[in-house]
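*Asks:* Take this structure first; my questions come after.
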Amino acid sequence: MTSDPRLPSHVVPHRYDLILEPDIPAATFRGSVTIDVELVEKTDEIVCNATDLEIDSALVVTGEGAAAVEHIPDIRLDAETERMHLTLPTDLPPGPARVTATFRGTINDQLRGFYRSTYADEHGVEHTIATTQFQSTDARRAFPCWDEPAWKATFATTLIVDPDHLAVANSAEVAATIDPDGRRRVTFAETMRMSTYLVAFVVGPLEVTEPIDAGGVPVRVVHRPGQGHLTPFALDVARHALEWFTAYYEIPYPGDKVDLLAIPDFAFGAMENLGCVTFREVLLLVDPEGASQPELQVVADVINHELAHMWFGDLVTIKWWEGIWLNEAFATFMETSCSNAYRPDWRVWTTFGRARAAAFDTDALASTRPIEFPVVTPEEAEGMFDILTYEKGASVVRMLEQHLGPEVFRDGVRHYLLTHAYANTETSDLWDALEHVSGEPVRRLMDGWIYQGGHPVIDAEQTTHGVELRQRHFTLDPEATETKQWAAPLGVRLHHDGAISEHRVLLDGPSTLLTAPGSLVSANADASGFYRVAHGPVARATIESGGPGPRTADERHGLIDDAWALTVADELTADDWLRLALTLDGETDLTVWQALSAGFGGLARLADDEPRKRLVGHIVNLAGPALHRLGLDTATDDDDRTRELRATLLRLLGVVAEDAATIAASHDRLDHADPTIAAAALIVVAHADADAGPRIRGIWKTADDPQTEQRHLRALADLPLARLPVLDDILTGEVRSQDGPYVIRRALANLHAGPAVWAFVRDNWAALNERFPSNSVARMLEGITTLDTAALVGDTGAFLAANPVPQGAKQIAQHLERQRINAAFRVRETSRFEASGTR
């Protein structure tokens, strides 16, 4: 790869006229592109991006009308730099020019560029569609272009397709005619100025819903035949989102229509192509009567995320990939805000606490990275799409919103979007807009959170003079010595004379003393700050003796999750965490129980014999009464969070505690009318009963909706077997390549099969890398973090050192570090368990 990854800047594209002719049965395409450019200075070479293409001809025209001059360049393709060089016989003068190229390519099976996706109809007949995925740097695989986000242009697309095929692109169809050979020529309106990674087109035997109106914007869902009944929920979410975002941003939707497309094979979750948003089927098509609450919420969240991008990402776009966090973190923040407005009863910001907890865990490693860091290669750009960009980034944005105030923050965002509409930005532009509106030193406050990795832990202690607050760099590794400091906006809640007061404190140094009257309730009000809290001996003793007190559900979740992180970091013992957990007798909040379940699950992996019996006793004594209060079956007045709480308790008792009565009850509820109960029962039974495997596999293969299919596919990774048959399905292609990495990730965590699954990965490394999308390999390997014995730590580390994954190097380093930390935690806490018996 060239030392300078960016294209020369002396030629600027303005408009693309793109014609493509896909031949789906032959898996090939041909096309032509005419690009209006501006020559900034005289030049004898034009350089743009192209790879995996055969260029048949090229022509450069300068001047207009009778003064037009045609120039025939020499064509050179550089596979290493993925560039096309057009060398002219003489210098071209500055001014407008037109570059035309004809080309051919393959509709590949790699789930990137212009690729093919297949599905089987109700008769088992296979059908193929052609679709696109261009982010980050794969538009160049479909047509020659300036394939960098800063080179915005308009696009006028024409698709020549089989007369029976649907054709969809970024903008509305403006003409459709029949060519002499019988094919249909579909012409689409010219788009707004946008980056090449947002261009999209999909062709094939698909169906589309009638449009609904969302504030004047037509919205449709494109799907395979026979799935129209699974589209109303997505249409309702999209209508709400477009209207909500238009009101929030005070800017009209920048396109002329919105199509949401369910793609059978898709490497990512979804992609925010302007007006032509592509999704995995399971993240768009859903039957609300047959889906659990988390399954419904994830569909709503993903739709909201992608539609948030229409403004923050599409209308205003990053200059270069190091700023991708601006797109993704803000879209994650807006997704959560919009979902919370769509279904307030879901309490989505409370649920987000679990995603923030996962970001904390990665960010507490020595191998973490800053949210923004220099990006050079396409592989580095691909590696930016991780939990630190999305969840940590969104958490930091949420913290800033709470610090500035929601109204001021929104006004700053509006100012940013209006100032930079149809243009490109970098991080400082957002800070400038927020400073302009708020008058606050946003850049000074935020630079430490964006440009250095890690986060603080706030040591909070009640003293006779007030609440003492100290910050230090938090890490899960007890041996780590690196020190950092942040400008930390703290929210502190105190209890005094029967009332709660909240205080905003900017901790811009090592420590401060809050002298307001009252006793400490929370040093992270509503858990909106991206920092851990460690309570001193006095504050912790107060909690252990009196319970969590007037903490909100978000704060109780933070209390348990922070304590678990401190336990992994050897600042607390497992017994300390357990004593704290047991103070939550009578807890009724779903998200708090999810944190409790995660901690109990971590301890259960370590405990054997008598310590395990005592641990199970604690779980049953705490969770059993909670489940009894709810009942095993749905009550008529249950809301969605109550239904999911019941499911969480079923999984905790059935999977972690291996409670025989819960397992038996789950067997009886596999076909329960409440899909939330049925989904939980399936997980319990899969973990407990290897004989359930054939039934689970049969339902996976015959499911007629994406949620049922994915639910049962995942369950095949949970079976209590040393050798999981689903691994063979991955190699034969029975499991789609988009799903295989995530099945393996789950299977690696299987207590019975984990080591054998690792051996499978190691022995089939080349085949898996060839089959799976490149962006998913590092995500697959996240499962190694649970292989926490010294032998497996050594084996995985040696193998991955000898077989690097360039596009996931940073993530894999994080997985290996967390694996080592987990192994040390196992050794340390197992010996303590044996000494204490978990009391």
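Chain lettering (A, B, ...) mirrors the order of the structure tokens, residue numbering begins at 1 for each chain separately, and ligand numbering begins at 1 in order of display.
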Enumerate as a PyMOL selection string all residues of region 404-630 of chain A assigned to strand (DSSP E or B) by DSSP on the backbone, naming them with the chain letters and numbers the document uses.

*Replies:* chain A and resi 424-425+456-463+466-473+488-496+499-507+511-514+519-522+532-535

*Asks:* Could you name the residues that touch Arg818 (chain A) at 10 Å or less, counting only C-alpha atoms, but leaving out those on the same chain fewer than 5 positions away, as a short mmCIF file (atom, residue, chain, number, x, y, z; two decimals) with N, CA, C and O atoms, in the first residue's frame?

*Replies:*
```cif
data_model
loop_
_atom_site.label_atom_id
_atom_site.label_comp_id
_atom_site.auth_asym_id
_atom_site.auth_seq_id
_atom_site.Cartn_x
_atom_site.Cartn_y
_atom_site.Cartn_z
N ASP A 361 -15.61 -2.68 29.34
CA ASP A 361 -14.73 -3.84 29.46
C ASP A 361 -13.59 -3.80 28.45
O ASP A 361 -12.44 -4.13 28.77
N THR A 362 -13.90 -3.40 27.21
CA THR A 362 -12.84 -3.30 26.21
C THR A 362 -11.94 -2.12 26.49
O THR A 362 -10.71 -2.19 26.35
N ALA A 364 -11.09 -0.88 29.23
CA ALA A 364 -10.28 -1.05 30.43
C ALA A 364 -9.06 -1.95 30.18
O ALA A 364 -8.41 -2.39 31.12
N LEU A 365 -8.75 -2.20 28.92
CA LEU A 365 -7.60 -3.01 28.55
C LEU A 365 -6.44 -2.11 28.16
O LEU A 365 -6.63 -1.01 27.65
N ALA A 366 -5.22 -2.61 28.33
CA ALA A 366 -4.05 -1.86 27.87
C ALA A 366 -4.06 -1.71 26.36
O ALA A 366 -3.51 -0.75 25.81
N SER A 367 -4.70 -2.65 25.67
CA SER A 367 -4.76 -2.65 24.21
C SER A 367 -5.96 -1.88 23.67
O SER A 367 -6.27 -1.98 22.48
N LEU A 476 -8.49 -3.32 33.91
CA LEU A 476 -8.82 -4.65 34.44
C LEU A 476 -7.57 -5.43 34.83
O LEU A 476 -7.69 -6.46 35.51
N ASP A 477 -6.42 -4.99 34.40
CA ASP A 477 -5.18 -5.71 34.69
C ASP A 477 -4.59 -5.19 35.99
O ASP A 477 -4.14 -4.03 36.05
N GLU A 782 -13.76 -13.13 19.28
CA GLU A 782 -14.08 -12.63 20.61
C GLU A 782 -14.38 -13.78 21.57
O GLU A 782 -14.15 -13.69 22.78
N ILE A 784 -12.76 -16.37 22.13
CA ILE A 784 -11.59 -16.96 22.81
C ILE A 784 -11.41 -16.39 24.21
O ILE A 784 -10.69 -16.99 25.02
N THR A 785 -12.05 -15.27 24.52
CA THR A 785 -11.85 -14.68 25.84
C THR A 785 -12.33 -15.61 26.96
O THR A 785 -11.90 -15.47 28.10
N THR A 786 -13.20 -16.55 26.63
CA THR A 786 -13.72 -17.48 27.63
C THR A 786 -12.84 -18.73 27.78
O THR A 786 -13.08 -19.54 28.66
N ASP A 788 -10.14 -19.83 29.25
CA ASP A 788 -9.33 -19.19 30.28
C ASP A 788 -8.43 -20.15 31.06
O ASP A 788 -8.25 -20.01 32.26
N ILE A 812 -8.22 -8.17 17.93
CA ILE A 812 -7.69 -9.47 18.34
C ILE A 812 -6.70 -9.29 19.49
O ILE A 812 -6.67 -10.10 20.43
N ALA A 813 -5.92 -8.23 19.46
CA ALA A 813 -5.04 -7.94 20.60
C ALA A 813 -5.87 -7.76 21.87
O ALA A 813 -5.48 -8.22 22.96
N ALA A 823 -8.00 -15.60 32.55
CA ALA A 823 -7.26 -16.76 33.07
C ALA A 823 -6.68 -16.45 34.45
O ALA A 823 -6.73 -17.28 35.37
N ALA A 824 -6.14 -15.25 34.61
CA ALA A 824 -5.60 -14.86 35.92
C ALA A 824 -6.72 -14.75 36.95
O ALA A 824 -6.56 -15.13 38.12
#
```

*Asks:* Given the choices A:Leu580, A:Ile560, A:Ala460, A:Val316, which gets closest to Pro537 (chain A) if the distance is worked out from only C-alpha atoms?

*Replies:* A:Ala460

*Asks:* Write out as number ranges by chain which residues come within 8 Å of region 202-216 of chain A when counting only C-alpha atoms, dropping same-chain ones fewer than 2 positions away.

*Replies:* A: 127-132, 161, 164-169, 200, 218-225, 228, 231, 235, 238-240, 242-243

*Asks:* Considering only C-alpha atoms, tabulate each residue of region 148-233 of chain A that lies at most 12 Å from region 403-421 of chain A along with its nearest interatomic pair and the corresponding distance in Å to one decimal; arrange the rows by chain and ascending residue number and present them as a tab-separated table.

*Replies:*
```
residue	atom	partner	partner_atom	distance
A:Lys152	CA	A:Ala421	CA	11.6
A:Met192	CA	A:Ala421	CA	10.6
A:Arg193	CA	A:Ala421	CA	9.6
A:Met194	CA	A:Ala421	CA	10.4
```

*Asks:* Using only C-alpha atoms, please write the residues we just selected to a file, as a PDB file, in the first residue's frame.

*Replies:*
```
ATOM      1  CA  LYS A 152     -18.561  14.070  -2.707  1.00  0.00           C
ATOM      2  CA  MET A 192     -27.644  14.938  -3.596  1.00  0.00           C
ATOM      3  CA  ARG A 193     -23.887  15.382  -3.244  1.00  0.00           C
ATOM      4  CA  MET A 194     -22.644  12.362  -1.322  1.00  0.00           C
TER       5      MET A 194
END
```

*Asks:* Just the residues within 6 Å of region 138-150 of chain A, please, counting only C-alpha atoms, with nothing from its chain fewer than 4 positions along; format it as a ChimeraX atom specification.

*Replies:* /A:48-52,113-114,134,195-196,319

*Asks:* Tell me, in Å to one decimal, how far CA of Ala101 (chain A) is from CA of Glu379 (chain A).

*Replies:*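 Computing the Euclidean distance for CA of Ala101 (chain A) and CA of Glu379 (chain A) yields 27.5 Å.
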
*Asks:* Can you list, as a PyMOL selection string, every residue of region 36-260 of chain A that DSSP puts in helix (DSSP H, G or I)?

*Replies:* chain A and resi 65-67+139-141+196-198+228-230+232-249

*Asks:* Filtering to N, CA, C and O atoms, could you give me those residues as a short mmCIF file (atom, residue, chain, number, x, y, z; two decimals), in the first residue's frame?

*Replies:*
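What ended up in selection31.cif:
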```cif
data_model
loop_
_atom_site.label_atom_id
_atom_site.label_comp_id
_atom_site.auth_asym_id
_atom_site.auth_seq_id
_atom_site.Cartn_x
_atom_site.Cartn_y
_atom_site.Cartn_z
N GLY A 65 -18.92 21.54 -26.52
CA GLY A 65 -19.46 21.77 -27.86
C GLY A 65 -18.42 21.62 -28.94
O GLY A 65 -17.65 20.66 -28.98
N ALA A 66 -18.37 22.62 -29.83
CA ALA A 66 -17.43 22.56 -30.95
C ALA A 66 -16.00 22.63 -30.49
O ALA A 66 -15.08 22.20 -31.21
N ALA A 67 -15.79 23.17 -29.27
CA ALA A 67 -14.42 23.29 -28.76
C ALA A 67 -13.97 22.05 -27.99
O ALA A 67 -12.85 22.02 -27.45
N ALA A 139 -16.72 0.64 -3.24
CA ALA A 139 -17.38 1.13 -4.46
C ALA A 139 -16.46 0.92 -5.66
O ALA A 139 -16.93 0.66 -6.77
N ARG A 140 -15.17 1.00 -5.42
CA ARG A 140 -14.18 0.83 -6.49
C ARG A 140 -14.22 -0.56 -7.12
O ARG A 140 -13.64 -0.78 -8.18
N ARG A 141 -14.89 -1.50 -6.48
CA ARG A 141 -15.05 -2.84 -7.05
C ARG A 141 -16.22 -2.92 -8.02
O ARG A 141 -16.39 -3.94 -8.69
N THR A 196 -18.97 8.16 -2.21
CA THR A 196 -19.16 6.92 -2.98
C THR A 196 -19.59 5.75 -2.11
O THR A 196 -20.31 4.86 -2.57
N TYR A 197 -19.17 5.73 -0.83
CA TYR A 197 -19.51 4.57 0.00
C TYR A 197 -21.00 4.48 0.28
O TYR A 197 -21.48 3.44 0.75
N LEU A 198 -21.75 5.56 -0.04
CA LEU A 198 -23.19 5.57 0.18
C LEU A 198 -23.99 5.20 -1.05
O LEU A 198 -25.22 5.12 -1.00
N GLY A 228 -44.08 -10.28 2.91
CA GLY A 228 -44.73 -8.99 3.08
C GLY A 228 -45.40 -8.81 4.43
O GLY A 228 -45.48 -7.69 4.95
N HIS A 229 -45.86 -9.92 5.02
CA HIS A 229 -46.53 -9.82 6.32
C HIS A 229 -45.57 -9.46 7.45
O HIS A 229 -46.02 -9.14 8.56
N LEU A 230 -44.27 -9.50 7.18
CA LEU A 230 -43.27 -9.19 8.21
C LEU A 230 -42.79 -7.74 8.13
O LEU A 230 -41.84 -7.37 8.81
N PRO A 232 -44.87 -4.59 8.36
CA PRO A 232 -45.55 -3.43 8.97
C PRO A 232 -44.80 -2.81 10.15
O PRO A 232 -44.83 -1.58 10.31
N PHE A 233 -44.15 -3.62 10.98
CA PHE A 233 -43.44 -3.05 12.13
C PHE A 233 -42.32 -2.13 11.65
O PHE A 233 -42.17 -1.01 12.17
N ALA A 234 -41.55 -2.56 10.67
CA ALA A 234 -40.46 -1.73 10.15
C ALA A 234 -41.00 -0.42 9.57
O ALA A 234 -40.41 0.65 9.76
N LEU A 235 -42.11 -0.49 8.84
CA LEU A 235 -42.69 0.71 8.27
C LEU A 235 -43.14 1.68 9.36
O LEU A 235 -42.95 2.90 9.25
N ASP A 236 -43.70 1.16 10.43
CA ASP A 236 -44.15 2.01 11.53
C ASP A 236 -42.96 2.67 12.22
O ASP A 236 -42.99 3.87 12.53
N VAL A 237 -41.91 1.90 12.46
CA VAL A 237 -40.71 2.46 13.09
C VAL A 237 -40.10 3.53 12.20
O VAL A 237 -39.72 4.62 12.67
N ALA A 238 -40.00 3.26 10.90
CA ALA A 238 -39.38 4.20 9.98
C ALA A 238 -40.19 5.50 9.89
O ALA A 238 -39.61 6.60 9.83
N ARG A 239 -41.50 5.38 9.86
CA ARG A 239 -42.33 6.59 9.82
C ARG A 239 -42.04 7.47 11.05
O ARG A 239 -41.81 8.67 10.93
N HIS A 240 -42.07 6.84 12.21
CA HIS A 240 -41.79 7.59 13.44
C HIS A 240 -40.40 8.21 13.39
O HIS A 240 -40.21 9.38 13.75
N ALA A 241 -39.42 7.44 12.95
CA ALA A 241 -38.03 7.91 12.97
C ALA A 241 -37.85 9.12 12.06
O ALA A 241 -37.23 10.12 12.45
N LEU A 242 -38.35 9.04 10.84
CA LEU A 242 -38.17 10.16 9.91
C LEU A 242 -38.83 11.43 10.44
O LEU A 242 -38.26 12.53 10.34
N GLU A 243 -40.00 11.30 11.02
CA GLU A 243 -40.68 12.47 11.56
C GLU A 243 -39.95 12.99 12.80
O GLU A 243 -39.80 14.21 12.99
N TRP A 244 -39.46 12.07 13.64
CA TRP A 244 -38.78 12.47 14.88
C TRP A 244 -37.44 13.14 14.57
O TRP A 244 -37.10 14.19 15.13
N PHE A 245 -36.66 12.55 13.64
CA PHE A 245 -35.37 13.14 13.29
C PHE A 245 -35.55 14.49 12.59
O PHE A 245 -34.76 15.42 12.82
N THR A 246 -36.54 14.61 11.72
CA THR A 246 -36.78 15.88 11.05
C THR A 246 -37.06 16.97 12.08
O THR A 246 -36.57 18.11 11.96
N ALA A 247 -37.84 16.64 13.11
CA ALA A 247 -38.13 17.61 14.16
C ALA A 247 -36.89 17.90 15.01
O ALA A 247 -36.62 19.05 15.37
N TYR A 248 -36.12 16.88 15.33
CA TYR A 248 -34.93 17.07 16.18
C TYR A 248 -33.90 17.93 15.47
O TYR A 248 -33.37 18.89 16.03
N TYR A 249 -33.59 17.58 14.22
CA TYR A 249 -32.56 18.31 13.48
C TYR A 249 -33.08 19.64 12.92
O TYR A 249 -32.29 20.52 12.58
#
```

*Asks:* Just want the 7 Å neighbourhood of region 743-757 of chain A, counted on only C-alpha atoms, with same-chain residues fewer than 5 positions away dropped. Output as a VMD selection string.

*Replies:* chain A and resid 714 717 to 718 720 to 723 780 to 784 786 to 787

*Asks:* Hey, what's within 12 Å of Gly808 (chain A) if we count only C-alpha atoms and toss same-chain stuff fewer than 5 positions away? As a tab-separated table (two decimals) with all heavy atoms, in the first residue's frame, please?

*Replies:*
```
chain	number	residue	atom	x	y	z
A	378	PRO	N	-6.98	0.58	4.12
A	378	PRO	CA	-8.37	0.10	4.16
A	378	PRO	C	-8.61	-0.88	5.30
A	378	PRO	O	-9.70	-0.90	5.90
A	378	PRO	CB	-8.55	-0.58	2.79
A	378	PRO	CG	-7.58	0.12	1.90
A	378	PRO	CD	-6.39	0.42	2.76
A	379	GLU	N	-7.60	-1.69	5.64
A	379	GLU	CA	-7.76	-2.64	6.74
A	379	GLU	C	-7.95	-1.89	8.06
A	379	GLU	O	-8.75	-2.29	8.91
A	379	GLU	CB	-6.54	-3.55	6.84
A	379	GLU	CG	-6.40	-4.55	5.71
A	379	GLU	CD	-5.74	-3.95	4.47
A	379	GLU	OE1	-5.28	-2.78	4.54
A	379	GLU	OE2	-5.68	-4.64	3.44
A	380	GLU	N	-7.22	-0.80	8.24
A	380	GLU	CA	-7.39	-0.01	9.46
A	380	GLU	C	-8.76	0.66	9.49
A	380	GLU	O	-9.38	0.75	10.56
A	380	GLU	CB	-6.28	1.04	9.56
A	380	GLU	CG	-4.92	0.46	9.87
A	380	GLU	CD	-3.81	1.49	9.79
A	380	GLU	OE1	-4.01	2.54	9.16
A	380	GLU	OE2	-2.74	1.22	10.35
A	381	ALA	N	-9.22	1.11	8.34
A	381	ALA	CA	-10.57	1.69	8.28
A	381	ALA	C	-11.61	0.65	8.68
A	381	ALA	O	-12.55	0.94	9.43
A	381	ALA	CB	-10.85	2.23	6.88
A	382	GLU	N	-11.46	-0.58	8.18
A	382	GLU	CA	-12.40	-1.65	8.51
A	382	GLU	C	-12.38	-1.95	10.00
A	382	GLU	O	-13.42	-2.23	10.62
A	382	GLU	CB	-12.05	-2.89	7.70
A	382	GLU	CG	-13.07	-4.00	7.79
A	382	GLU	CD	-12.80	-5.12	6.79
A	382	GLU	OE1	-12.63	-4.82	5.59
A	382	GLU	OE2	-12.74	-6.29	7.23
A	383	GLY	N	-11.19	-1.86	10.62
A	383	GLY	CA	-11.07	-2.16	12.03
A	383	GLY	C	-11.68	-1.12	12.94
A	383	GLY	O	-11.82	-1.34	14.15
A	384	MET	N	-12.05	0.05	12.39
A	384	MET	CA	-12.65	1.12	13.21
A	384	MET	C	-14.09	0.80	13.61
A	384	MET	O	-14.63	1.42	14.52
A	384	MET	CB	-12.64	2.44	12.44
A	384	MET	CG	-11.26	3.06	12.28
A	384	MET	SD	-10.65	3.77	13.81
A	384	MET	CE	-11.63	5.26	13.92
A	385	PHE	N	-14.72	-0.15	12.93
A	385	PHE	CA	-16.13	-0.44	13.20
A	385	PHE	C	-16.23	-1.42	14.36
A	385	PHE	O	-16.46	-2.62	14.18
A	385	PHE	CB	-16.80	-0.97	11.93
A	385	PHE	CG	-16.89	0.06	10.84
A	385	PHE	CD1	-15.84	0.25	9.96
A	385	PHE	CD2	-18.01	0.87	10.72
A	385	PHE	CE1	-15.91	1.21	8.97
A	385	PHE	CE2	-18.09	1.83	9.74
A	385	PHE	CZ	-17.04	2.01	8.86
A	386	ASP	N	-16.04	-0.91	15.57
A	386	ASP	CA	-15.98	-1.77	16.75
A	386	ASP	C	-16.73	-1.13	17.90
A	386	ASP	O	-17.34	-0.07	17.77
A	386	ASP	CB	-14.52	-2.08	17.11
A	386	ASP	CG	-13.75	-0.84	17.57
A	386	ASP	OD1	-14.33	0.27	17.60
A	386	ASP	OD2	-12.55	-0.97	17.88
A	773	PRO	N	-17.06	-13.13	5.67
A	773	PRO	CA	-16.73	-11.72	5.39
A	773	PRO	C	-15.54	-11.29	6.23
A	773	PRO	O	-15.42	-11.66	7.41
A	773	PRO	CB	-18.00	-10.97	5.80
A	773	PRO	CG	-19.09	-11.99	5.76
A	773	PRO	CD	-18.45	-13.29	6.14
A	774	SER	N	-14.67	-10.50	5.64
A	774	SER	CA	-13.42	-10.16	6.32
A	774	SER	C	-13.67	-9.41	7.62
A	774	SER	O	-12.91	-9.56	8.59
A	774	SER	CB	-12.52	-9.34	5.40
A	774	SER	OG	-13.15	-8.11	5.06
A	775	ASN	N	-14.73	-8.60	7.68
A	775	ASN	CA	-14.98	-7.82	8.88
A	775	ASN	C	-15.44	-8.67	10.06
A	775	ASN	O	-15.47	-8.19	11.19
A	775	ASN	CB	-16.03	-6.74	8.60
A	775	ASN	CG	-17.42	-7.32	8.42
A	775	ASN	OD1	-17.63	-8.22	7.62
A	775	ASN	ND2	-18.38	-6.80	9.16
A	776	SER	N	-15.81	-9.93	9.81
A	776	SER	CA	-16.40	-10.75	10.87
A	776	SER	C	-15.39	-11.67	11.56
A	776	SER	O	-15.72	-12.27	12.58
A	776	SER	CB	-17.53	-11.61	10.30
A	776	SER	OG	-17.03	-12.57	9.38
A	777	VAL	N	-14.18	-11.78	11.03
A	777	VAL	CA	-13.23	-12.74	11.60
A	777	VAL	C	-12.83	-12.33	13.01
A	777	VAL	O	-12.81	-13.14	13.94
A	777	VAL	CB	-12.00	-12.88	10.68
A	777	VAL	CG1	-10.95	-13.79	11.33
A	777	VAL	CG2	-12.41	-13.44	9.32
A	778	ALA	N	-12.52	-11.05	13.20
A	778	ALA	CA	-12.14	-10.59	14.54
A	778	ALA	C	-13.31	-10.72	15.51
A	778	ALA	O	-13.12	-11.03	16.69
A	778	ALA	CB	-11.66	-9.15	14.48
A	779	ARG	N	-14.52	-10.51	15.02
A	779	ARG	CA	-15.69	-10.65	15.89
A	779	ARG	C	-15.90	-12.11	16.28
A	779	ARG	O	-16.28	-12.41	17.42
A	779	ARG	CB	-16.92	-10.09	15.18
A	779	ARG	CG	-16.79	-8.61	14.89
A	779	ARG	CD	-17.92	-8.05	14.07
A	779	ARG	NE	-17.64	-6.65	13.71
A	779	ARG	CZ	-18.45	-5.88	13.02
A	779	ARG	NH1	-19.62	-6.35	12.61
A	779	ARG	NH2	-18.12	-4.64	12.73
A	780	MET	N	-15.66	-13.03	15.37
A	780	MET	CA	-15.72	-14.45	15.69
A	780	MET	C	-14.77	-14.79	16.83
A	780	MET	O	-15.11	-15.52	17.77
A	780	MET	CB	-15.36	-15.27	14.45
A	780	MET	CG	-15.16	-16.76	14.69
A	780	MET	SD	-14.60	-17.63	13.20
A	780	MET	CE	-12.87	-17.12	13.13
A	781	LEU	N	-13.57	-14.21	16.78
A	781	LEU	CA	-12.53	-14.58	17.73
A	781	LEU	C	-12.76	-13.97	19.11
A	781	LEU	O	-12.02	-14.30	20.05
A	781	LEU	CB	-11.17	-14.17	17.19
A	781	LEU	CG	-10.71	-15.00	15.98
A	781	LEU	CD1	-9.48	-14.37	15.34
A	781	LEU	CD2	-10.41	-16.44	16.40
A	782	GLU	N	-13.76	-13.13	19.28
A	782	GLU	CA	-14.08	-12.63	20.61
A	782	GLU	C	-14.38	-13.78	21.57
A	782	GLU	O	-14.15	-13.69	22.78
A	782	GLU	CB	-15.27	-11.68	20.55
A	782	GLU	CG	-15.62	-11.05	21.88
A	782	GLU	CD	-16.84	-10.15	21.80
A	782	GLU	OE1	-17.43	-10.03	20.71
A	782	GLU	OE2	-17.20	-9.56	22.84
A	800	LEU	N	-2.49	-17.15	16.70
A	800	LEU	CA	-2.87	-15.88	16.11
A	800	LEU	C	-1.66	-14.99	15.83
A	800	LEU	O	-1.71	-14.13	14.95
A	800	LEU	CB	-3.88	-15.16	17.00
A	800	LEU	CG	-5.24	-15.87	17.06
A	800	LEU	CD1	-6.14	-15.25	18.12
A	800	LEU	CD2	-5.93	-15.84	15.70
A	803	ASN	N	-0.75	-16.36	12.52
A	803	ASN	CA	-1.79	-16.19	11.51
A	803	ASN	C	-2.53	-14.87	11.75
A	803	ASN	O	-3.68	-14.85	12.19
A	803	ASN	CB	-2.78	-17.36	11.56
A	803	ASN	CG	-2.13	-18.69	11.23
A	803	ASN	OD1	-2.07	-19.09	10.08
A	803	ASN	ND2	-1.67	-19.40	12.27
A	813	ALA	N	-5.92	-8.23	19.46
A	813	ALA	CA	-5.04	-7.94	20.60
A	813	ALA	C	-5.87	-7.76	21.87
A	813	ALA	O	-5.48	-8.22	22.96
A	813	ALA	CB	-4.21	-6.70	20.32
A	814	GLN	N	-7.02	-7.12	21.75
A	814	GLN	CA	-7.90	-6.94	22.90
A	814	GLN	C	-8.47	-8.27	23.38
A	814	GLN	O	-8.54	-8.54	24.59
A	814	GLN	CB	-9.02	-5.97	22.53
A	814	GLN	CG	-8.54	-4.55	22.31
A	814	GLN	CD	-9.51	-3.71	21.51
A	814	GLN	OE1	-10.57	-4.19	21.08
A	814	GLN	NE2	-9.16	-2.45	21.27
A	815	HIS	N	-8.87	-9.13	22.43
A	815	HIS	CA	-9.40	-10.45	22.82
A	815	HIS	C	-8.33	-11.25	23.58
A	815	HIS	O	-8.64	-11.88	24.60
A	815	HIS	CB	-9.83	-11.24	21.59
A	815	HIS	CG	-10.89	-10.59	20.76
A	815	HIS	ND1	-11.78	-9.66	21.27
A	815	HIS	CD2	-11.22	-10.75	19.44
A	815	HIS	CE1	-12.60	-9.28	20.31
A	815	HIS	NE2	-12.28	-9.91	19.20
```

*Asks:* How far is it from CA of Glu468 (chain A) to CA of Gln485 (chain A), in Å with one decimal?

*Replies:*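 So the two atoms, CA of Glu468 (chain A) and CA of Gln485 (chain A), lie 17.0 Å apart.
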
*Asks:* From the options A:Lys613, A:His628, A:Thr118, A:Val538, which residue's atoms come nearest to Ile263 (chain A), counting only C-alpha atoms?

*Replies:*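 Using only C-alpha atoms, Ile263 (chain A) sits closest to A:Thr118.
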
*Asks:* Taking only C-alpha atoms into account, which of A:Arg104, A:Arg832, A:Arg641, A:Arg629 comes nearest Ile19 (chain A)?

*Replies:*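 Closest to Ile19 (chain A) of all the choices is A:Arg104.
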
*Asks:* A:Val60, A:Thr591, A:Leu566, A:Arg532: which is nearest Thr552 (chain A), counting only C-alpha atoms?

*Replies:* A:Thr591
